[in-house]
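See below for start-v1.txt, which holds compact mmCIF, C-alpha atoms.
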# COMPACT_ATOMS: atom_id res chain seq x y z
CA MET A 1 0.00 0.00 0.00
CA LEU A 2 1.15 3.55 -0.76
CA SER A 3 2.22 5.71 2.20
CA LEU A 4 1.76 9.47 2.59
CA PHE A 5 5.34 10.06 1.40
CA ASP A 6 4.90 7.73 -1.60
CA LEU A 7 1.69 9.46 -2.71
CA THR A 8 3.12 12.95 -2.14
CA MET A 9 6.10 12.07 -4.34
CA ILE A 10 3.70 10.69 -6.96
CA VAL A 11 1.74 13.99 -6.92
CA VAL A 12 4.95 15.98 -7.38
CA SER A 13 6.15 13.55 -10.05
CA LEU A 14 2.89 13.78 -11.97
CA VAL A 15 3.23 17.56 -12.21
CA ILE A 16 6.96 18.31 -12.39
CA GLY A 17 7.83 16.70 -15.69
CA MET A 18 9.69 18.53 -18.41
CA GLY A 19 7.41 21.55 -18.14
CA ILE A 20 9.33 23.77 -15.77
CA PHE A 21 12.55 23.16 -17.71
CA ARG A 22 10.93 24.16 -21.02
CA THR A 23 7.57 25.97 -20.82
CA PRO A 24 8.85 29.22 -19.22
CA HIS A 25 10.17 29.98 -22.73
CA ASP A 26 6.67 29.52 -24.19
CA VAL A 27 5.06 31.58 -21.41
CA ALA A 28 7.58 34.40 -21.83
CA HIS A 29 7.16 34.35 -25.62
CA ALA A 30 3.35 34.52 -25.30
CA SER A 31 3.13 37.06 -22.47
CA GLY A 32 5.53 39.62 -23.96
CA THR A 33 6.24 41.34 -20.63
CA PRO A 34 7.53 40.25 -17.21
CA LEU A 35 4.35 41.40 -15.46
CA VAL A 36 2.06 39.20 -17.56
CA PHE A 37 4.63 36.38 -17.33
CA PHE A 38 4.60 36.25 -13.53
CA ALA A 39 0.87 36.93 -13.32
CA ALA A 40 0.25 33.81 -15.42
CA TRP A 41 2.41 31.65 -13.13
CA VAL A 42 0.78 32.98 -9.95
CA PHE A 43 -2.73 32.58 -11.35
CA GLY A 44 -1.90 29.08 -12.59
CA GLY A 45 -0.68 28.14 -9.11
CA ILE A 46 -3.89 29.37 -7.50
CA ILE A 47 -6.01 27.41 -9.98
CA ALA A 48 -3.86 24.32 -9.43
CA LEU A 49 -4.40 24.62 -5.68
CA PHE A 50 -8.17 24.98 -6.17
CA GLY A 51 -8.15 21.94 -8.43
CA ALA A 52 -5.95 19.92 -6.06
CA LEU A 53 -8.25 20.55 -3.10
CA THR A 54 -11.30 19.69 -5.20
CA PHE A 55 -9.71 16.45 -6.36
CA ALA A 56 -8.68 15.76 -2.76
CA GLU A 57 -12.35 15.76 -1.74
CA ILE A 58 -13.31 13.71 -4.80
CA GLY A 59 -10.67 11.11 -3.97
CA SER A 60 -11.65 11.12 -0.31
CA ARG A 61 -15.35 10.59 -1.06
CA TYR A 62 -14.77 7.98 -3.75
CA PRO A 63 -11.38 6.21 -3.31
CA VAL A 64 -11.13 3.55 -6.03
CA THR A 65 -8.53 2.24 -8.47
CA GLY A 66 -9.01 3.94 -11.84
CA GLY A 67 -10.81 6.74 -10.03
CA PHE A 68 -11.15 9.08 -13.01
CA TYR A 69 -13.29 6.71 -15.02
CA LYS A 70 -15.24 5.51 -11.97
CA ILE A 71 -16.10 9.08 -11.00
CA TYR A 72 -17.31 10.04 -14.48
CA SER A 73 -19.43 6.92 -14.66
CA TYR A 74 -20.85 7.35 -11.15
CA CYS A 75 -21.62 11.07 -11.47
CA TYR A 76 -22.58 11.41 -15.14
CA HIS A 77 -23.18 8.52 -17.53
CA PRO A 78 -21.01 5.59 -18.71
CA ALA A 79 -21.00 7.04 -22.25
CA ILE A 80 -19.54 10.34 -21.01
CA ALA A 81 -17.07 8.43 -18.85
CA PHE A 82 -15.91 6.40 -21.85
CA MET A 83 -15.53 9.39 -24.19
CA ILE A 84 -13.75 11.68 -21.72
CA ASN A 85 -11.43 8.99 -20.42
CA CYS A 86 -10.40 7.88 -23.91
CA ILE A 87 -9.55 11.51 -24.69
CA ILE A 88 -7.60 11.81 -21.45
CA LEU A 89 -5.67 8.62 -22.19
CA ILE A 90 -4.67 9.93 -25.62
CA SER A 91 -3.72 13.28 -24.13
CA ASN A 92 -1.65 11.63 -21.37
CA ALA A 93 0.12 9.39 -23.86
CA ALA A 94 0.95 12.47 -25.95
CA SER A 95 2.23 14.23 -22.84
CA VAL A 96 4.51 11.29 -22.02
CA SER A 97 5.86 11.39 -25.57
CA ALA A 98 6.36 15.16 -25.48
CA VAL A 99 8.31 14.99 -22.23
CA ALA A 100 10.52 12.20 -23.55
CA LEU A 101 11.10 14.17 -26.77
CA ILE A 102 12.16 17.33 -24.96
CA GLY A 103 14.33 15.34 -22.57
CA ALA A 104 16.08 14.03 -25.67
CA GLY A 105 16.60 17.64 -26.72
CA TYR A 106 18.73 18.21 -23.62
CA LEU A 107 20.80 15.15 -24.45
CA GLU A 108 21.24 16.56 -27.95
CA GLY A 109 23.07 19.53 -26.43
CA LEU A 110 25.84 17.22 -25.25
CA ILE A 111 26.69 16.06 -28.77
CA GLU A 112 28.71 18.22 -31.11
CA GLY A 113 27.07 19.24 -34.36
CA GLU A 114 23.43 19.64 -35.22
CA GLN A 115 21.37 16.47 -34.86
CA SER A 116 18.36 15.52 -36.94
CA GLU A 117 14.83 15.29 -35.61
CA TYR A 118 15.12 11.52 -36.02
CA PHE A 119 17.88 11.48 -33.39
CA LYS A 120 15.61 13.04 -30.78
CA GLN A 121 12.77 10.75 -31.77
CA SER A 122 15.01 7.69 -31.38
CA VAL A 123 16.27 8.76 -27.95
CA ALA A 124 12.74 9.53 -26.75
CA LEU A 125 11.52 6.21 -28.07
CA GLY A 126 14.32 4.43 -26.21
CA ALA A 127 13.34 6.20 -22.97
CA VAL A 128 9.72 5.07 -23.25
CA ILE A 129 10.81 1.48 -23.89
CA VAL A 130 13.25 1.47 -20.93
CA PHE A 131 10.64 2.72 -18.47
CA PHE A 132 8.10 0.32 -19.90
CA PHE A 133 10.36 -2.54 -18.77
CA VAL A 134 10.94 -0.84 -15.39
CA ASN A 135 7.18 -0.82 -14.84
CA PHE A 136 6.91 -4.40 -16.07
CA LEU A 137 9.25 -5.49 -13.25
CA GLY A 138 6.51 -4.66 -10.75
CA PHE A 139 4.51 -1.86 -9.11
CA LYS A 140 6.87 -1.62 -6.11
CA MET A 141 9.87 -1.30 -8.42
CA SER A 142 8.10 1.54 -10.27
CA VAL A 143 7.38 3.39 -7.01
CA LYS A 144 10.98 3.03 -5.76
CA THR A 145 12.35 4.20 -9.11
CA GLN A 146 9.97 7.16 -9.04
CA ASN A 147 11.06 8.24 -5.56
CA VAL A 148 14.74 8.20 -6.58
CA LEU A 149 14.11 10.14 -9.81
CA MET A 150 11.90 12.65 -8.00
CA MET A 151 14.47 13.37 -5.31
CA ALA A 152 17.09 13.92 -8.02
CA LYS A 153 14.75 16.31 -9.82
CA ILE A 154 14.07 18.27 -6.63
CA GLY A 155 17.86 18.58 -6.16
CA ILE A 156 18.16 20.10 -9.64
CA LEU A 157 15.33 22.54 -8.92
CA LEU A 158 17.03 23.62 -5.70
CA PHE A 159 20.23 24.21 -7.67
CA ILE A 160 18.36 26.35 -10.21
CA CYS A 161 16.80 28.32 -7.34
CA LEU A 162 20.26 29.54 -6.33
CA GLY A 163 19.79 32.07 -9.12
CA VAL A 164 17.33 33.94 -6.90
CA PHE A 165 20.24 35.01 -4.71
CA ILE A 166 23.10 35.48 -7.20
CA GLY A 167 21.35 36.66 -10.38
CA THR A 168 21.00 40.33 -11.34
CA ASN A 169 19.97 40.42 -15.02
CA GLY A 170 16.23 40.53 -14.37
CA SER A 171 15.99 43.77 -12.37
CA ALA A 172 16.08 46.20 -15.29
CA ALA A 173 13.78 43.99 -17.35
CA LEU A 174 11.20 43.95 -14.58
CA GLU A 175 11.15 47.75 -14.36
CA SER A 176 10.88 48.21 -18.13
CA GLY A 177 8.30 45.43 -18.43
CA THR A 178 6.13 46.91 -15.69
CA ALA A 179 6.27 50.33 -17.28
CA SER A 180 5.36 48.84 -20.65
CA VAL A 181 2.29 47.14 -19.29
CA ALA A 182 1.23 50.19 -17.30
CA GLY A 183 1.23 52.23 -20.51
CA GLN A 184 -0.51 49.59 -22.60
CA PRO A 185 -3.82 51.05 -23.87
CA ASP A 186 -5.29 47.87 -25.36
CA THR A 187 -6.78 45.76 -22.57
CA MET A 188 -7.91 43.07 -25.00
CA ASP A 189 -4.31 42.49 -26.08
CA LEU A 190 -3.33 41.93 -22.46
CA ILE A 191 -6.18 39.46 -21.98
CA ARG A 192 -5.20 37.64 -25.16
CA MET A 193 -1.52 37.42 -24.13
CA PHE A 194 -2.53 36.24 -20.67
CA GLY A 195 -4.80 33.55 -22.12
CA VAL A 196 -2.12 32.22 -24.49
CA ALA A 197 0.47 32.24 -21.68
CA LEU A 198 -1.88 30.14 -19.55
CA ILE A 199 -1.77 27.34 -22.14
CA ALA A 200 1.85 26.46 -21.33
CA VAL A 201 1.33 27.24 -17.64
CA SER A 202 -1.57 24.77 -17.56
CA PHE A 203 0.67 22.09 -19.05
CA SER A 204 3.30 22.74 -16.38
CA TYR A 205 0.81 22.54 -13.50
CA GLY A 206 -1.24 19.63 -14.88
CA GLY A 207 -1.07 16.01 -13.79
CA TYR A 208 -1.95 16.02 -10.08
CA GLN A 209 -5.51 14.90 -10.87
CA GLN A 210 -4.21 11.45 -11.86
CA THR A 211 -3.50 10.79 -8.18
CA ILE A 212 -7.08 9.60 -7.70
CA ASN A 213 -6.26 6.66 -10.02
CA PHE A 214 -4.36 5.17 -7.05
CA GLY A 215 -7.24 5.50 -4.58
CA GLY A 216 -7.63 1.74 -4.19
CA GLU A 217 -3.91 1.27 -3.39
CA VAL A 218 -3.51 3.93 -0.67
CA ALA A 219 -3.37 3.18 3.03
CA ASN A 220 -6.13 5.11 4.89
CA PRO A 221 -7.25 6.96 1.70
CA GLN A 222 -9.72 9.32 3.40
CA ARG A 223 -6.82 10.88 5.31
CA THR A 224 -3.84 10.19 3.06
CA ILE A 225 -5.18 11.35 -0.33
CA PRO A 226 -6.07 14.96 0.62
CA ARG A 227 -2.90 15.43 2.65
CA ALA A 228 -0.69 14.07 -0.13
CA ILE A 229 -2.34 16.27 -2.77
CA PHE A 230 -2.14 19.38 -0.59
CA PHE A 231 1.53 18.83 0.36
CA GLY A 232 2.42 17.92 -3.20
CA ILE A 233 0.80 20.95 -4.82
CA ALA A 234 2.29 23.27 -2.18
CA ILE A 235 5.79 21.96 -3.02
CA ILE A 236 5.11 22.39 -6.75
CA VAL A 237 3.79 25.96 -6.58
CA GLY A 238 6.67 27.03 -4.33
CA PHE A 239 9.25 25.49 -6.66
CA TYR A 240 7.68 26.91 -9.82
CA LEU A 241 7.58 30.48 -8.55
CA MET A 242 11.15 30.30 -7.23
CA VAL A 243 12.51 28.64 -10.38
CA ASN A 244 10.91 31.20 -12.69
CA PHE A 245 12.19 34.07 -10.60
CA ALA A 246 15.65 32.45 -10.65
CA TYR A 247 15.51 32.17 -14.45
CA PHE A 248 14.49 35.80 -14.58
CA ARG A 249 17.24 36.98 -12.21
CA VAL A 250 20.01 35.12 -14.04
CA LEU A 251 18.98 35.26 -17.72
CA GLY A 252 16.66 38.25 -17.82
CA PHE A 253 13.32 38.19 -19.61
CA GLU A 254 14.87 38.11 -23.08
CA GLY A 255 17.13 35.25 -22.01
CA ILE A 256 14.07 33.18 -21.03
CA GLN A 257 12.54 33.90 -24.43
CA LEU A 258 15.71 32.63 -26.15
CA GLY A 259 16.01 29.39 -24.12
CA LYS A 260 13.77 27.22 -26.28
CA ASN A 261 15.31 23.75 -25.85
CA ASP A 262 18.03 24.30 -23.24
CA LEU A 263 16.68 26.89 -20.78
CA ALA A 264 17.93 25.23 -17.56
CA ALA A 265 21.33 24.44 -19.12
CA ARG A 266 21.74 28.10 -20.21
CA HIS A 267 20.79 29.08 -16.68
CA ALA A 268 23.52 26.88 -15.15
CA GLN A 269 26.10 28.09 -17.68
CA GLN A 270 25.32 31.73 -16.90
CA MET A 271 25.73 31.13 -13.15
CA PHE A 272 28.89 29.01 -13.06
CA GLY A 273 30.38 28.77 -16.56
CA GLY A 274 32.81 25.99 -17.41
CA TYR A 275 31.07 22.66 -18.04
CA ALA A 276 27.90 23.64 -16.17
CA TYR A 277 25.87 23.55 -19.41
CA GLN A 278 26.92 19.97 -20.19
CA VAL A 279 26.48 18.70 -16.62
CA MET A 280 23.00 20.21 -16.31
CA SER A 281 21.94 18.82 -19.68
CA PHE A 282 23.09 15.33 -18.67
CA LEU A 283 21.27 15.43 -15.30
CA LEU A 284 18.07 16.82 -16.77
CA PHE A 285 17.85 14.13 -19.42
CA PHE A 286 17.64 11.42 -16.76
CA SER A 287 15.69 13.21 -14.03
CA VAL A 288 12.84 14.56 -16.14
CA LEU A 289 12.19 11.11 -17.58
CA GLY A 290 10.60 10.30 -14.22
CA TYR A 291 7.45 11.73 -15.79
CA VAL A 292 7.58 8.97 -18.39
CA ASN A 293 7.76 6.43 -15.56
CA ILE A 294 4.80 7.86 -13.63
CA GLY A 295 2.72 8.15 -16.80
CA LEU A 296 3.27 4.47 -17.57
CA MET A 297 2.45 3.60 -13.96
CA SER A 298 -0.78 5.62 -13.67
CA ASN A 299 -2.70 5.51 -16.94
CA PRO A 300 -3.05 1.73 -17.40
CA ARG A 301 -5.11 1.73 -14.19
CA VAL A 302 -7.71 3.89 -15.93
CA MET A 303 -7.93 1.27 -18.65
CA TYR A 304 -8.35 -1.37 -15.92
CA ALA A 305 -11.35 0.52 -14.48
CA MET A 306 -12.96 0.89 -17.90
CA ALA A 307 -12.52 -2.83 -18.58
CA GLU A 308 -14.00 -3.59 -15.18
CA ASP A 309 -17.15 -1.74 -16.29
CA LYS A 310 -17.15 -3.79 -19.50
CA VAL A 311 -16.71 -0.85 -21.87
CA LEU A 312 -13.25 -2.10 -22.84
CA PRO A 313 -12.14 -5.74 -23.31
CA ALA A 314 -11.79 -7.76 -20.11
CA ALA A 315 -8.20 -8.62 -21.07
CA LEU A 316 -7.17 -5.12 -19.92
CA MET A 317 -7.79 -6.21 -16.31
CA ARG A 318 -5.09 -8.89 -16.37
CA MET A 319 -2.65 -8.33 -13.51
CA ASN A 320 0.22 -10.52 -12.36
CA GLN A 321 1.52 -11.10 -8.82
CA ARG A 322 3.76 -8.03 -9.06
CA GLN A 323 0.67 -5.79 -9.60
CA VAL A 324 1.61 -5.23 -13.24
CA LEU A 325 -1.25 -4.74 -15.70
CA THR A 326 0.17 -7.06 -18.32
CA VAL A 327 -2.12 -5.95 -21.18
CA SER A 328 -3.02 -2.33 -20.33
CA LEU A 329 0.60 -1.30 -19.79
CA PRO A 330 1.88 -2.47 -23.20
CA ILE A 331 -1.10 -0.88 -24.99
CA PHE A 332 -0.61 2.52 -23.33
CA ALA A 333 3.12 2.37 -24.06
CA ALA A 334 2.30 1.58 -27.69
CA VAL A 335 0.09 4.68 -27.94
CA ALA A 336 2.95 6.80 -26.59
CA VAL A 337 5.31 5.24 -29.13
CA LEU A 338 2.90 5.93 -32.00
CA THR A 339 2.59 9.55 -30.85
CA LEU A 340 6.37 9.86 -31.02
CA VAL A 341 6.37 8.51 -34.55
CA PHE A 342 3.98 11.25 -35.74
CA SER A 343 5.06 14.15 -33.47
CA ARG A 344 8.54 15.59 -33.67
CA GLU A 345 8.18 18.89 -31.80
CA PHE A 346 6.74 19.88 -28.45
CA GLU A 347 4.93 22.91 -29.87
CA LYS A 348 2.92 20.86 -32.36
CA ILE A 349 1.12 18.90 -29.67
CA LEU A 350 1.01 21.34 -26.73
CA ASP A 351 -2.15 23.22 -27.75
CA ARG A 352 -4.12 20.09 -28.58
CA VAL A 353 -3.00 18.26 -25.43
CA ILE A 354 -4.12 21.16 -23.24
CA PHE A 355 -7.42 21.53 -25.10
CA LEU A 356 -8.22 17.86 -24.52
CA ASP A 357 -7.10 18.16 -20.89
CA SER A 358 -9.32 21.21 -20.39
CA ILE A 359 -12.39 19.21 -21.44
CA GLY A 360 -11.52 16.40 -19.06
CA LEU A 361 -10.51 18.57 -16.09
CA ALA A 362 -13.51 20.90 -16.21
CA THR A 363 -15.84 17.89 -16.44
CA ALA A 364 -14.04 16.07 -13.61
CA VAL A 365 -14.13 19.04 -11.23
CA GLY A 366 -17.81 19.59 -12.06
CA SER A 367 -18.50 16.11 -10.70
CA ILE A 368 -17.99 17.38 -7.13
CA PHE A 369 -21.42 19.02 -7.23
CA ILE A 370 -23.03 15.67 -8.07
CA LEU A 371 -20.74 13.65 -5.81
CA ARG A 372 -21.58 15.73 -2.74
CA ARG A 373 -25.25 15.05 -3.29
CA LYS A 374 -24.81 11.33 -3.92
CA THR A 375 -22.49 10.83 -0.93
CA LYS A 376 -24.39 13.02 1.50
CA HIS A 377 -24.75 10.02 3.80
CA LEU A 378 -20.99 10.21 4.48
CA ASP A 379 -21.40 13.67 6.00
CA GLU A 380 -24.26 12.50 8.19
CA SER A 381 -22.51 9.30 9.29
CA GLY A 382 -19.50 11.13 10.69
CA ALA A 383 -17.08 9.34 8.33
CA LYS A 384 -13.55 10.78 8.15
CA ILE A 385 -13.68 12.45 4.75
CA TYR A 386 -12.00 15.60 3.50
CA LYS A 387 -14.26 18.61 2.79
CA MET A 388 -12.78 21.62 1.02
CA LYS A 389 -13.22 25.15 2.28
CA LEU A 390 -14.84 27.90 0.19
CA TYR A 391 -17.18 25.46 -1.55
CA PRO A 392 -18.53 26.00 -4.22
CA LEU A 393 -16.27 28.97 -5.07
CA MET A 394 -13.11 26.95 -5.73
CA PRO A 395 -14.56 24.45 -8.24
CA ILE A 396 -16.49 27.22 -10.04
CA VAL A 397 -13.36 29.38 -10.43
CA TYR A 398 -11.42 26.33 -11.61
CA ILE A 399 -13.99 25.46 -14.29
CA LEU A 400 -14.18 29.06 -15.54
CA ALA A 401 -10.38 29.25 -15.73
CA TYR A 402 -10.17 26.17 -17.93
CA LEU A 403 -12.98 27.41 -20.14
CA PHE A 404 -10.93 30.57 -20.62
CA VAL A 405 -7.88 28.46 -21.56
CA SER A 406 -9.98 26.42 -24.02
CA VAL A 407 -11.28 29.54 -25.75
CA SER A 408 -7.72 30.93 -25.95
CA ILE A 409 -6.55 27.72 -27.60
CA VAL A 410 -9.37 27.69 -30.18
CA ILE A 411 -8.64 31.31 -31.09
CA LYS A 412 -4.95 30.46 -31.51
CA ASP A 413 -5.44 27.03 -33.15
CA PRO A 414 -8.99 26.30 -34.45
CA TRP A 415 -7.92 22.80 -35.45
CA ALA A 416 -7.56 21.93 -31.77
CA GLY A 417 -11.29 22.46 -31.26
CA LEU A 418 -12.15 20.44 -34.35
CA LEU A 419 -9.86 17.63 -33.22
CA GLY A 420 -11.48 17.54 -29.78
CA ALA A 421 -15.00 17.46 -31.21
CA GLY A 422 -14.02 14.79 -33.72
CA LEU A 423 -12.49 12.56 -31.04
CA LEU A 424 -15.56 12.91 -28.83
CA GLY A 425 -17.80 11.85 -31.71
CA PHE A 426 -15.53 8.95 -32.63
CA PHE A 427 -15.40 7.59 -29.09
CA TYR A 428 -19.16 7.94 -28.68
CA ILE A 429 -19.61 5.72 -31.74
CA MET A 430 -17.09 3.26 -30.25
CA TYR A 431 -19.06 3.21 -27.00
CA ARG A 432 -22.35 2.49 -28.77
CA VAL A 433 -20.77 -0.25 -30.89
CA GLY A 434 -19.31 -1.81 -27.76
CA LYS A 435 -22.67 -1.76 -25.96
CA TRP A 436 -24.33 -3.31 -28.99
CA ARG A 437 -21.77 -6.11 -29.10
CA ASN A 438 -22.16 -6.75 -25.37
CA ALA A 439 -25.92 -6.90 -25.76
CA ARG A 440 -25.59 -9.52 -28.48
Please rewrite the model in this file as structure tokens.
Amino acid sequence: MLSLFDLTMIVVSLVIGMGIFRTPHDVAHASGTPLVFFAAWVFGGIIALFGALTFAEIGSRYPVTGGFYKIYSYCYHPAIAFMINCIILISNAASVSAVALIGAGYLEGLIEGEQSEYFKQSVALGAVIVFFFVNFLGFKMSVKTQNVLMMAKIGILLFICLGVFIGTNGSAALESGTASVAGQPDTMDLIRMFGVALIAVSFSYGGYQQTINFGGEVANPQRTIPRAIFFGIAIIVGFYLMVNFAYFRVLGFEGIQLGKNDLAARHAQQMFGGYAYQVMSFLLFFSVLGYVNIGLMSNPRVMYAMAEDKVLPAALMRMNQRQVLTVSLPIFAAVAVLTLVFSREFEKILDRVIFLDSIGLATAVGSIFILRRKTKHLDESGAKIYKMKLYPLMPIVYILAYLFVSVSIVIKDPWAGLLGAGLLGFFYIMYRVGKWRNAR
């Protein structure tokens, strides 16, 4: 069974993937000024906290393995549960691939000469395959590996945070950026920049919601789940704000905008010179791949829950003595591999991943209104469940924030909206076909 420390590390691992070592470039490029840049990170942290506390109550009221699918099915309808969860699985597989691909970009910086896109694809593909076998060795092995990788990643983040105390390049940029925004007459432009910046911020803060997929494997879930999510998200928000301020202090705002594929390595080089760029690139390649490990550990359990409800083949429930889902795990890994084959750059999939995530997250958080009504007996029985403060303000603000992000994405990339609608329609047809076959 997972302990409080194990689950807290899983929460942190689910969120701190490659994002914080890459997306500040995208946020800075979209926001245009330091004031909008930091406002997006602060706002994103607040929304993440609201979402984390909402999911803490959801997990406390309904702690089951494959919790995402179970909650959709329990609160809405099995058809909605099937469609949304299939979209989330595709989005998560794409996220795993994107993180592996960008991790390969850091490794590319260690090799002299310009490498082809096929080099990064091959390295990323190798990373997915390696962690697939790590997960196949057993659930306990996956958890131990994750704890080691996460502690290494936290050490790197602490190193980057040293820039808060020794960097000086950001001071002038902050003054000029603030003045620029103060004199900006077009409010709609600011709103648009803020909305586009939130796309990459949302990617960086996303992932903690997958914690409820482990509800059935947590010791004392009513107490452990909310505490682990709260501690985890507090660590994440604190690190993100410090790391971004460190980037800003050392590289300046323009330096963040230039650090497309090697932001953290540039940061280390600027602070210490010498071989700091190469050392940081090497460490980041291995540490950030912890996200690949946690993705392969979490998502097959959603497929297990869907198979348990007979909307996916029963074979997906096969589990050996080491708690390895012997069919679901290879299938999810295969989807990640296929995504790598067709996606060569992080930017090409970011918008569409976040659009799909926005649909799933807004729907999931909305379930708390139904879940509170259906589990009212838990409040009256005196059961030890977690109840968030400021209800229903927090879930409402969270849903509105992700609707804002979705609209910003559609304005920027209309194909993302069409893709989302097309996938929903496709999976609805799949659900109906499956029900028809089961009926026969």
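Proximity to Pro395 in chain A at 9 Å, evaluated using only C-alpha atoms and with sequence-adjacent residues fewer than 2 positions away removed, yields A:Phe50, A:Gly51, A:Thr54, A:Ala362, A:Val365, A:Gly366, A:Ile368, A:Phe369, A:Tyr391, A:Pro392, A:Leu393, A:Val397, A:Tyr398, A:Ile399, A:Leu400.
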* To do: Identify, on the basis of only C-alpha atoms, every residue whose closest approach to Tyr240 in chain A does not exceed 7 Å; exclude the query and any residue fewer than 4 positions from it along the same chain; express the result as number ranges by chain.
  => A: 20, 236, 244
* To do: Provide the CA of Leu419 in chain A to CA of Ala30 in chain A distance in Å, to one decimal place.
  => 22.9 Å
* **Distance criterion (all atoms listed in the file): nearest to Arg352 in chain A out of A:Phe282, A:Tyr277, A:Phe203, A:Phe427** => A:Phe203
* **Test item: residues at most 8 Å from Ala93 in chain A, only C-alpha atoms, excluding those fewer than 2 positions along its chain, as a list in words** => Leu89, Ile90, Ser91, Ser95, Val96, Ser97, Gly295, Phe332, Ala333, Val335, Ala336 and Thr339 of chain A
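Separating CA of Phe136 in chain A from CA of Gly103 in chain A is a distance of 22.1 Å.
CA of Tyr304 in chain A to CA of Met388 in chain A spans 28.9 Å [interatomic distance, one decimal].
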* Asked: Between A:Val341, A:Ile256, A:Met319, A:Val311, which one has atoms that come closest to Met83 in chain A, using all atoms listed in the file?
  -> A:Val311
* Structure fact -> Nearest to Ile229 in chain A, restricted to only C-alpha atoms and choosing among A:Tyr275, A:Phe43, A:Tyr386, A:Phe38, comes out as A:Tyr386
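With distances restricted to only C-alpha atoms, A:Leu284 is the closest residue to Gly155 in chain A from A:Val15, A:Ile354, A:Leu423, A:Leu284.
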* To do: Would you list the contacts of Val405 in chain A as a VMD selection string, taking every protein, DNA or RNA residue within 12 Å and counting only C-alpha atoms, but skipping same-chain residues closer than 4 positions in sequence?
  => chain A and resid 40 44 47 191 to 203 351 to 359 361 to 362 398 to 401 409 to 413 417
Please write the residues from the selection above to a file, keeping C-alpha atoms, as a PDB file, keeping the file's coordinate frame.
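File written: part.pdb
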ATOM      1  CA  ALA A  40       0.250  33.810 -15.420  1.00  0.00           C
ATOM      2  CA  GLY A  44      -1.900  29.080 -12.590  1.00  0.00           C
ATOM      3  CA  ILE A  47      -6.010  27.410  -9.980  1.00  0.00           C
ATOM      4  CA  ILE A 191      -6.180  39.460 -21.980  1.00  0.00           C
ATOM      5  CA  ARG A 192      -5.200  37.640 -25.160  1.00  0.00           C
ATOM      6  CA  MET A 193      -1.520  37.420 -24.130  1.00  0.00           C
ATOM      7  CA  PHE A 194      -2.530  36.240 -20.670  1.00  0.00           C
ATOM      8  CA  GLY A 195      -4.800  33.550 -22.120  1.00  0.00           C
ATOM      9  CA  VAL A 196      -2.120  32.220 -24.490  1.00  0.00           C
ATOM     10  CA  ALA A 197       0.470  32.240 -21.680  1.00  0.00           C
ATOM     11  CA  LEU A 198      -1.880  30.140 -19.550  1.00  0.00           C
ATOM     12  CA  ILE A 199      -1.770  27.340 -22.140  1.00  0.00           C
ATOM     13  CA  ALA A 200       1.850  26.460 -21.330  1.00  0.00           C
ATOM     14  CA  VAL A 201       1.330  27.240 -17.640  1.00  0.00           C
ATOM     15  CA  SER A 202      -1.570  24.770 -17.560  1.00  0.00           C
ATOM     16  CA  PHE A 203       0.670  22.090 -19.050  1.00  0.00           C
ATOM     17  CA  ASP A 351      -2.150  23.220 -27.750  1.00  0.00           C
ATOM     18  CA  ARG A 352      -4.120  20.090 -28.580  1.00  0.00           C
ATOM     19  CA  VAL A 353      -3.000  18.260 -25.430  1.00  0.00           C
ATOM     20  CA  ILE A 354      -4.120  21.160 -23.240  1.00  0.00           C
ATOM     21  CA  PHE A 355      -7.420  21.530 -25.100  1.00  0.00           C
ATOM     22  CA  LEU A 356      -8.220  17.860 -24.520  1.00  0.00           C
ATOM     23  CA  ASP A 357      -7.100  18.160 -20.890  1.00  0.00           C
ATOM     24  CA  SER A 358      -9.320  21.210 -20.390  1.00  0.00           C
ATOM     25  CA  ILE A 359     -12.390  19.210 -21.440  1.00  0.00           C
ATOM     26  CA  LEU A 361     -10.510  18.570 -16.090  1.00  0.00           C
ATOM     27  CA  ALA A 362     -13.510  20.900 -16.210  1.00  0.00           C
ATOM     28  CA  TYR A 398     -11.420  26.330 -11.610  1.00  0.00           C
ATOM     29  CA  ILE A 399     -13.990  25.460 -14.290  1.00  0.00           C
ATOM     30  CA  LEU A 400     -14.180  29.060 -15.540  1.00  0.00           C
ATOM     31  CA  ALA A 401     -10.380  29.250 -15.730  1.00  0.00           C
ATOM     32  CA  ILE A 409      -6.550  27.720 -27.600  1.00  0.00           C
ATOM     33  CA  VAL A 410      -9.370  27.690 -30.180  1.00  0.00           C
ATOM     34  CA  ILE A 411      -8.640  31.310 -31.090  1.00  0.00           C
ATOM     35  CA  LYS A 412      -4.950  30.460 -31.510  1.00  0.00           C
ATOM     36  CA  ASP A 413      -5.440  27.030 -33.150  1.00  0.00           C
ATOM     37  CA  GLY A 417     -11.290  22.460 -31.260  1.00  0.00           C
TER      38      GLY A 417
END
Test item: residues at most 8 Å from Cys75 in chain A, all atoms listed in the file, excluding those fewer than 5 positions along its chain, as an mmCIF file with C-alpha atoms, in the frame of the given file:
data_model
loop_
_atom_site.group_PDB
_atom_site.id
_atom_site.type_symbol
_atom_site.label_atom_id
_atom_site.label_comp_id
_atom_site.auth_asym_id
_atom_site.auth_seq_id
_atom_site.Cartn_x
_atom_site.Cartn_y
_atom_site.Cartn_z
ATOM 1 C CA SER A 367 -18.500 16.110 -10.700
ATOM 2 C CA ILE A 370 -23.030 15.670 -8.070
ATOM 3 C CA LEU A 371 -20.740 13.650 -5.810
#
* **Radius query 9 Å about (0.1, 22.4, -9.0), atoms used: all atoms listed in the file, as a list in words** => Val11, Val12, Val15, Ile16, Gly44, Gly45, Ile46, Ile47, Ala48, Leu49, Gly51, Ala52, Ser204, Tyr205, Gly206, Gly207, Tyr208, Gly232, Ile233, Ala234, Ile235, Ile236, Val237 and Tyr240 of chain A
